[in-house]
Amino acid sequence: MNISIVIPIFNEEGNIPLLYERVVNTLQAKSLSFEIIFVNDGSKDNSLEKIIQLSSSDSRVKYIDLSRNFGHQIAVSAGLNNTQGQAVVIIDADLQDPPELINELYQKYKEGFEVVYAKRKSRKGENFLKLVTAKLFYKTLRNITSIDIPLDTGDFRIIDHKVVEELRKMPEPNKFLRGQISWIGFRQTFVEYDRQERASGKTGYTYRKMIKFALDGITSFSESPLKVATVMGFVVSFAAFFMLLYAFYSRLISKDYVPGWASLIISVLFLGGIQLLSLGIIGEYISRIMSNVRKRPLYIISKSNIESAK
Ligand code: UDP
Ligand code: MG
């Protein structure tokens, strides 16, 4: 088999028919053999029925129905664990990633690149806050990690089965696939495209999910935030030392002192803030150590038409 297409689905009933048609047309035009793996991530609409219907009329369509909503990255990972193609394409279901671009991705792949990601030249239909926070996040992430995570890309990409096999060996439950794929290496390149608006439905990424995703990205690939706590400790101790000198000076030499309510309350608040912040940073890491230690399965499959996934 040439290509496996992995598509995570969370409330996408309105997009599935057109998505299927555009993917199939693109691949058939090139006479490539392929499978489409839909991973239903606990949709509350009729997405699952739509997928099962497609799979009964087209044997190239596979589905994995997860027992609940596990989140986008886990849904994609469940798909990746069950692909058979030489190359694997990860694509969103909402047609923001144009299926026709798979042609260009595949062409570059055939030139010998193991990873070809789709880079967004422009981004339509996304609100201002999302654009600004995303930009800021990826800039920061690049600065505090040693791996080269490309800017303006999502998970839309083609990867060789070698890369998929490496991903399967990475057991972390807090997935940040775009970071993991950069980390894996091999020859990587990109193709540019204009990102479209979502065709139908609304985004499954709430701000809550985005914040979790961002923290997963940072904590999986950087220890810098932990060091921030140390650095702040030094800065505050340093400042405190000068405060001490000043206190002695005003008490013993200038004798010009007022009962120090202001300085007291300021230092208490300042220290309290920094201690809480440091504890919070450490907590974020510990919670992730916890989920690694528990070794729970990443997802639970409710049903599937893939033999090995049942
Ligand atoms: N998705 C998912 N589980 C979730 C949220 C999203 O499988 O909990 C899927 C969704 O169906 C889509 C892809 O992940 O195929 C990207 O999600 P979305 O378009 O909502 O994110 P956005 O493009 O707004 O960042
Ligand atoms: Mg989208």
# chains A, B, ... in the order shown; residues from 1 in each chain; ligands from 1
call {"tool": "select_by_dssp", "arguments": {"residues": "range 121-239 of chain A", "states": "strand (DSSP E or B)", "output": "list in words"}}
result
Lys121, Ser122, Arg123, Thr153, Gly154, Asp155, Phe156, Arg157, Ile158, Ile159, Asp160, Gln188, Thr189, Phe190, Val191, Glu192, Tyr193, Asp194 and Arg195 of chain A
call {"tool": "residues_around", "arguments": {"residues": "range 233-250 of chain A", "least_positions_apart": "4", "cutoff": "12 Å", "atoms": "only C-alpha atoms", "output": "list in words"}}
result
Leu226, Lys227, Val228, Ala229, Ser254, Lys255, Asp256, Tyr257, Val258, Pro259, Gly260, Ser263, Leu264, Ile266, Ser267, Val268, Phe270, Leu271, Gly272, Gly273, Ile274, Gln275, Leu276, Leu277, Ser278 and Leu279 of chain A
call {"tool": "write_last_selection", "arguments": {"atoms": "C-alpha atoms", "output": "mmCIF file, in the first residue's frame"}}
result
data_model
loop_
_atom_site.group_PDB
_atom_site.id
_atom_site.type_symbol
_atom_site.label_atom_id
_atom_site.label_comp_id
_atom_site.auth_asym_id
_atom_site.auth_seq_id
_atom_site.Cartn_x
_atom_site.Cartn_y
_atom_site.Cartn_z
ATOM 1 C CA LEU A 226 12.171 24.729 35.859
ATOM 2 C CA LYS A 227 15.295 26.838 35.670
ATOM 3 C CA VAL A 228 13.219 30.005 35.780
ATOM 4 C CA ALA A 229 12.398 29.120 39.383
ATOM 5 C CA SER A 254 20.753 57.823 58.982
ATOM 6 C CA LYS A 255 18.321 56.988 61.782
ATOM 7 C CA ASP A 256 15.625 58.148 59.406
ATOM 8 C CA TYR A 257 13.190 55.277 59.377
ATOM 9 C CA VAL A 258 9.480 54.731 59.519
ATOM 10 C CA PRO A 259 7.936 51.508 60.756
ATOM 11 C CA GLY A 260 8.365 49.643 57.522
ATOM 12 C CA SER A 263 8.599 47.490 52.328
ATOM 13 C CA LEU A 264 7.296 44.609 54.387
ATOM 14 C CA ILE A 266 5.871 44.531 49.146
ATOM 15 C CA SER A 267 8.453 41.891 49.929
ATOM 16 C CA VAL A 268 5.838 39.515 51.326
ATOM 17 C CA PHE A 270 6.706 39.596 45.902
ATOM 18 C CA LEU A 271 8.110 36.517 47.571
ATOM 19 C CA GLY A 272 4.695 34.909 47.842
ATOM 20 C CA GLY A 273 4.117 35.423 44.127
ATOM 21 C CA ILE A 274 7.427 33.979 43.127
ATOM 22 C CA GLN A 275 7.056 30.998 45.399
ATOM 23 C CA LEU A 276 3.630 30.201 44.010
ATOM 24 C CA LEU A 277 4.857 30.589 40.443
ATOM 25 C CA SER A 278 7.806 28.278 41.082
ATOM 26 C CA LEU A 279 5.597 25.721 42.756
#
call {"tool": "residues_near_ligand", "arguments": {"ligand": "ligand 1", "cutoff": "9 Å", "atoms": "only C-alpha atoms and all ligand atoms", "output": "count of residues only"}}
result
40
call {"tool": "closest_residue", "arguments": {"among": "A:Lys119, A:His161, A:Lys212, A:Arg195", "to": "ligand 2", "atoms": "only C-alpha atoms and all ligand atoms"}}
result
A:Arg195
call {"tool": "closest_residue", "arguments": {"among": "A:Asn292, A:Ser31, A:Ser57, A:Asn127", "to": "ligand 2", "atoms": "only C-alpha atoms and all ligand atoms"}}
result
A:Asn127
call {"tool": "residues_around", "arguments": {"residues": "Gly185 in chain A", "least_positions_apart": "5", "cutoff": "10 Å", "atoms": "only C-alpha atoms", "output": "VMD selection string"}}
result
chain A and resid 114 to 115 147 to 148 163 180
call {"tool": "write_last_selection", "arguments": {"atoms": "N, CA and C atoms", "output": "PDB file, in the first residue's frame"}}
result
ATOM      1  N   GLU A 114      11.807  12.083   4.228  1.00  0.00           N
ATOM      2  CA  GLU A 114      10.986  11.228   5.096  1.00  0.00           C
ATOM      3  C   GLU A 114       9.835  12.003   5.733  1.00  0.00           C
ATOM      4  N   VAL A 115      10.006  13.311   5.857  1.00  0.00           N
ATOM      5  CA  VAL A 115       8.937  14.137   6.425  1.00  0.00           C
ATOM      6  C   VAL A 115       8.727  15.351   5.528  1.00  0.00           C
ATOM      7  N   ILE A 147      15.387  21.531  19.875  1.00  0.00           N
ATOM      8  CA  ILE A 147      14.984  20.979  18.586  1.00  0.00           C
ATOM      9  C   ILE A 147      14.317  22.051  17.746  1.00  0.00           C
ATOM     10  N   ASP A 148      14.307  21.820  16.437  1.00  0.00           N
ATOM     11  CA  ASP A 148      13.873  22.835  15.501  1.00  0.00           C
ATOM     12  C   ASP A 148      12.415  22.575  15.114  1.00  0.00           C
ATOM     13  N   VAL A 163       9.344   6.799  10.180  1.00  0.00           N
ATOM     14  CA  VAL A 163       9.034   7.793  11.204  1.00  0.00           C
ATOM     15  C   VAL A 163       7.860   7.311  12.059  1.00  0.00           C
ATOM     16  N   GLN A 180       7.674  15.820  18.394  1.00  0.00           N
ATOM     17  CA  GLN A 180       8.283  14.483  18.348  1.00  0.00           C
ATOM     18  C   GLN A 180       8.831  14.165  16.949  1.00  0.00           C
TER      19      GLN A 180
END
call {"tool": "closest_residue", "arguments": {"among": "A:Ile306, A:Ile158, A:Leu269, A:Val191", "to": "Ser4 in chain A", "atoms": "only C-alpha atoms"}}
result
A:Ile158
call {"tool": "closest_residue", "arguments": {"among": "A:Leu19, A:Val88, A:Val116, A:Leu101", "to": "Ile3 in chain A", "atoms": "only C-alpha atoms"}}
result
A:Val88
call {"tool": "select_by_dssp", "arguments": {"residues": "range 35-240 of chain A", "states": "helix (DSSP H, G or I)", "output": "VMD selection string"}}
result
chain A and resid 47 to 57 72 to 80 99 to 110 128 to 144 161 to 169 177 to 184 207 to 221 224 to 240
